[in-house]
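Undergrad: Just dropping this structure here.
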Amino acid sequence: MIRLEGVSFSYWDKQVLKNVSFEVADSEMVVVMGPSGSGKSTVLRMILGLECPSEGKVLIDGQNICAMKERDKREIRKRIGMVFQDGALFDSLTVGENVGYYLLEHTGLSWSEIAGRAEEMLGFVGLNPDEVGDMLPEELSGGMRRRVAIGRALLSTNPNAMLYDEPTTGLDPMATQNVLNLITKLHQEKGIASVIVTHQIADALEIADRFVVIHSGEVVFDGSLDELRSSQEPRVVDFLQPFRESAERVQAKHFINNR
Amino acid sequence: MAPAATYYGGNQGKEGCILSAINNLLKHWAYESQGLFFFSLRMLGSLVKRPFYFTETMEQMYLIGVGSLFLVVLTGAFSGQGFALAFSQELAAFGAKDYLGRIMSMAIVRELGPTLTGLMVAARVASGITAEIGAMKSSNQIDAMVSFGIDPIRKIARPRLISLMIMVPVLTIVCDAVAILGGWIIGLFIANVTSTMYWSSVVYKLNFGNMFMGILKPVCFSFVIAFISCYLGFTSKGGTKGVGRATTNSVMMTSITILIVNFLITKIVGNMLKGYL
């Protein structure tokens, strides 16, 4: 279980997070939404222990990650998979080497064994290993890069939880759908907790059980889809308003139901 | 139009604003120095921690050593010849041309060789290290590494430090040899110094003190290059523009620090080795 208790964080003079509290149960899928620059990605970095709060605690399975030694943090991180914005693939390694990176670093397996597992994982994330295995990350499209990153995170740590930082930002509709399907499939088949940070409201509504809205570093909403729909919190209403108006305009053009 | 006081920091006035700017500059300098100091300690500490990343270290040794060889040979050849040419003319005026080898040996091995090699490697390698690490940082590759339980200091910085510790002294020896050879060519064909005289004079000054200084300096320069270039890469921020700025700072800071360290070693270690020089 992941739990944030009264977390505040400042970067120099700028307060990024203010008294943020929420938890993610095992097997739960939570979407953290909010406008750009509201502190969403910082939340993920804190869960991984890449940043530490100036106040409050981040607890992973009851352990405060920031109070740990670096060696213990590494053990915690091995149980959490992280998909960074734009994939963060190692650009000097091939796709196959990227996916098998963790095994290459932390196990004594031979390269042929690792390559076999990497190919299997590439298949799981919907990519053809024969086609992309020897390619460099720069040769892949944005959607393919995200899928490789998901595969890398999965093969790396066999995680209890997955963290996704803006997994669909900048992707075309088809690539977005592929990535969302993969995230849902992963959640259903492996039953692991997922925290997805995004400002793409449509994507969030499509996949999540629970929603946390962060605005200017504060949690202004934490609840289910029904609660989000009926929320009267002005900052939530303001955040959702452009999406609602856009959906209504599309609806008014009879585009969605009249194919 | 806003009152002048606004431009100079409200009611503080011009002097207040200048003092405040100096204060901020000193704070920034102190902060960066402290950061560099602790980062250097971490890098030194990582030298004895597993895993050792042998393949990465060998790759870096190749990139730094072989990659800089041509530049160092070229620098050694031309600076050695230029130095010999200038000195042979001066020595000839005093009838002391036979001392050319001795001066070449002392100046190249003790001072010019290490400093020129340090500066050349700094210009070529420090910028590359900072740019590479900075680019990895700005594209979250460093964070990705940390999230896989890998210490980026051990994985990225340490192989570069070890490679520099080995390759800068080796390159310095190559630079020394080429520069002294360049001096011999000038001595033989322009200054009319016989080969026997030149080489016996060179060997005379290749004593323990000069050779010790000639090896100690490049080892120290390798620490300077590794610490500063890796630190600026790991702390770069502001996207591609920030990486560019860090790269420029890296070359500038390593070059200046090398010159300062060179002076300090010459002064302090030179005094300690007085009897051996």
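Here's how to read the names in the structure tokens: chain A, B, ... by the order shown, residue numbers from 1 in each chain, ligand numbers from 1 in the order shown.
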Where does chain A meet chain B within 9 Å, residue by residue, with the nearest atom pair and distance in Å to one decimal for each, counting only C-alpha atoms, listed by chain and rising number, as a tab-separated table?
TA:
```
residue	atom	partner	partner_atom	distance
A:Arg45	CA	B:Asp143	CA	8.9
A:Leu48	CA	B:Ser147	CA	6.9
A:Gly49	CA	B:Ser147	CA	8.8
A:Leu50	CA	B:Asp143	CA	7.5
A:Arg71	CA	B:Gly149	CA	8.4
A:Lys73	CA	B:Gly149	CA	7.9
A:Arg74	CA	B:Gly149	CA	4.4
A:Glu75	CA	B:Gly149	CA	7.0
A:Ile76	CA	B:Gly149	CA	8.6
A:Arg77	CA	B:Ser147	CA	5.6
A:Lys78	CA	B:Phe148	CA	6.1
A:Ile80	CA	B:Ser147	CA	8.0
A:Gly81	CA	B:Ser147	CA	7.6
A:Met82	CA	B:Ser147	CA	7.0
A:Val83	CA	B:Ala144	CA	8.3
A:Phe84	CA	B:Asn140	CA	7.1
A:Gln85	CA	B:Asn140	CA	8.1
A:Asp86	CA	B:Ser139	CA	8.1
A:Gly87	CA	B:Asn140	CA	8.5
A:Ala88	CA	B:Gln141	CA	5.1
A:Leu89	CA	B:Gln141	CA	6.5
A:Phe90	CA	B:Gln141	CA	6.1
A:Asp91	CA	B:Met136	CA	8.5
A:Tyr101	CA	B:Phe148	CA	8.8
A:Tyr102	CA	B:Phe148	CA	6.5
A:Glu105	CA	B:Ile150	CA	8.1
A:His106	CA	B:Gly149	CA	8.8
A:Ala153	CA	B:Phe148	CA	8.3
A:Ser156	CA	B:Phe148	CA	7.1
A:Thr157	CA	B:Phe148	CA	7.5
```
Undergrad: Would you kindly return, as a ChimeraX atom specification, each protein, DNA or RNA residue with an atom no farther than 8 Å from any atom of A:Val220, considering only C-alpha atoms and excluding same-chain residues fewer than 2 positions away?
TA: /A:212-215,218,222,233,235-236
Undergrad: Compile the contact shell of stretch 7-10 of chain A as a ChimeraX atom specification: residues with an atom at most 10 Å away, counting only C-alpha atoms, same-chain residues fewer than 4 positions apart removed.
TA: /A:14-22,39,42-43,46,51-58,217-218
Undergrad: Write out as a compact mmCIF listing (two decimals) with C-alpha atoms, in the first residue's frame which residues come within 7 Å of B:Ala246 when counting only C-alpha atoms, dropping same-chain ones fewer than 6 positions away.
TA:
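File result11.txt, as written:
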```txt
# COMPACT_ATOMS: atom_id res chain seq x y z
CA THR B 130 28.88 17.03 -18.80
CA LEU B 232 27.88 19.86 -13.49
CA GLY B 233 26.22 17.13 -15.57
CA SER B 236 22.35 20.65 -14.82
```
Undergrad: Report the residues of stretch 36-131 of chain A whose backbone DSSP state falls under strand (DSSP E or B), written as a list in words.
TA: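 The strand (DSSP E or B) subset of stretch 36-131 of chain A is Glu55, Gly56, Lys57, Val58, Leu59, Ile60, Gln63, Asn64, Ile80, Gly81, Met82, Val83, Phe84 and Gly87 of chain A.
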Undergrad: Could you please determine the separation between atom CA of B:Leu91 and atom CA of B:Ile185 in Å, to one decimal place?
TA: 16.4 Å
Undergrad: Give me every helix (DSSP H, G or I) residue in stretch 24-202 of chain A, going by DSSP on the backbone, as an MDAnalysis selection string.
TA: chainID A and resid 40:47 65:67 70:77 95:99 101:106 111:124 129:132 137:139 142:157 173:190 201:202
Undergrad: Just want the 8 Å neighbourhood of A:Ala115, counted on only C-alpha atoms, with same-chain residues fewer than 3 positions away dropped. Output as an NGL selection string.
TA: :A and (96-97 or 100 or 111-112 or 118-119)
Undergrad: Check the smallest atom-to-atom distance from each of A:Met162, A:Leu103, A:Val30, A:Ala25 to A:Leu225 using only C-alpha atoms, then report the winner.
TA: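 The answer is A:Val30, which sits nearest to A:Leu225.
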Undergrad: Give me the residues within 9 Å of stretch 164-167 of chain B as a list in words, counting only C-alpha atoms and dropping any in the same chain fewer than 6 places off.
TA: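 Near neighbours after the sequence-gap exclusion: Gln60, Met61, Tyr62, Ile64, Gly65, Val66, Pro218, Val219, Cys220, Phe221, Ser222, Phe223, Ile225 and Ala226 of chain B.
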Undergrad: Contacts of B:Ile156 at 10 Å or less, counting only C-alpha atoms, minus same-chain residues fewer than 3 places along, as number ranges by chain?
TA: B: 53, 56-57, 60, 129, 132-133, 142, 151-153, 159-161, 230
Undergrad: What does the file look like for those residues with N, CA and C atoms, as a PDB file, in the first residue's frame?
TA:
```
ATOM      1  N   TYR B  53      31.465  -2.390 -12.683  1.00  0.00           N
ATOM      2  CA  TYR B  53      31.196  -1.988 -14.081  1.00  0.00           C
ATOM      3  C   TYR B  53      32.479  -1.948 -14.917  1.00  0.00           C
ATOM      4  N   GLU B  56      32.068  -0.825 -18.720  1.00  0.00           N
ATOM      5  CA  GLU B  56      31.912   0.627 -18.890  1.00  0.00           C
ATOM      6  C   GLU B  56      33.251   1.340 -18.708  1.00  0.00           C
ATOM      7  N   THR B  57      34.036   0.861 -17.726  1.00  0.00           N
ATOM      8  CA  THR B  57      35.330   1.498 -17.463  1.00  0.00           C
ATOM      9  C   THR B  57      36.270   1.324 -18.659  1.00  0.00           C
ATOM     10  N   GLN B  60      35.174   3.603 -21.440  1.00  0.00           N
ATOM     11  CA  GLN B  60      35.555   4.999 -21.187  1.00  0.00           C
ATOM     12  C   GLN B  60      37.054   5.208 -21.379  1.00  0.00           C
ATOM     13  N   ILE B 129      31.568  14.723 -21.133  1.00  0.00           N
ATOM     14  CA  ILE B 129      30.999  14.072 -19.946  1.00  0.00           C
ATOM     15  C   ILE B 129      29.803  14.878 -19.437  1.00  0.00           C
ATOM     16  N   GLU B 132      26.826  14.611 -21.861  1.00  0.00           N
ATOM     17  CA  GLU B 132      26.199  13.287 -21.868  1.00  0.00           C
ATOM     18  C   GLU B 132      25.346  13.080 -20.611  1.00  0.00           C
ATOM     19  N   ILE B 133      25.926  13.396 -19.452  1.00  0.00           N
ATOM     20  CA  ILE B 133      25.187  13.204 -18.201  1.00  0.00           C
ATOM     21  C   ILE B 133      24.007  14.181 -18.126  1.00  0.00           C
ATOM     22  N   ILE B 142      18.520   9.282 -15.819  1.00  0.00           N
ATOM     23  CA  ILE B 142      19.193   9.094 -14.527  1.00  0.00           C
ATOM     24  C   ILE B 142      18.160   8.616 -13.493  1.00  0.00           C
ATOM     25  N   ASP B 151      22.868   2.804  -8.689  1.00  0.00           N
ATOM     26  CA  ASP B 151      23.444   4.066  -8.233  1.00  0.00           C
ATOM     27  C   ASP B 151      24.140   4.734  -9.422  1.00  0.00           C
ATOM     28  N   PRO B 152      23.625   5.880  -9.912  1.00  0.00           N
ATOM     29  CA  PRO B 152      24.234   6.498 -11.095  1.00  0.00           C
ATOM     30  C   PRO B 152      25.664   6.970 -10.881  1.00  0.00           C
ATOM     31  N   ILE B 153      26.039   7.230  -9.628  1.00  0.00           N
ATOM     32  CA  ILE B 153      27.432   7.639  -9.371  1.00  0.00           C
ATOM     33  C   ILE B 153      28.351   6.460  -9.703  1.00  0.00           C
ATOM     34  N   PRO B 159      33.188   5.007 -13.592  1.00  0.00           N
ATOM     35  CA  PRO B 159      34.012   4.557 -14.732  1.00  0.00           C
ATOM     36  C   PRO B 159      34.790   5.699 -15.372  1.00  0.00           C
ATOM     37  N   ARG B 160      34.191   6.890 -15.385  1.00  0.00           N
ATOM     38  CA  ARG B 160      34.868   8.043 -15.987  1.00  0.00           C
ATOM     39  C   ARG B 160      36.034   8.497 -15.116  1.00  0.00           C
ATOM     40  N   LEU B 161      35.830   8.470 -13.800  1.00  0.00           N
ATOM     41  CA  LEU B 161      36.907   8.859 -12.882  1.00  0.00           C
ATOM     42  C   LEU B 161      38.099   7.905 -13.011  1.00  0.00           C
ATOM     43  N   CYS B 230      31.414  15.738 -14.014  1.00  0.00           N
ATOM     44  CA  CYS B 230      30.282  14.889 -13.593  1.00  0.00           C
ATOM     45  C   CYS B 230      29.312  15.694 -12.725  1.00  0.00           C
TER      46      CYS B 230
END
```
Undergrad: For the atom pair atom CA of B:Glu32 and atom CA of B:Lys241, what is the interatomic distance in Å to one decimal place?
TA: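 That distance, rounded to one decimal, is 19.2 Å.
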Undergrad: Figure out the distance between atom CA of B:Thr75 and atom CA of B:Ile258, please, to one decimal in Å.
TA: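 Those two atoms sit 16.9 Å apart.
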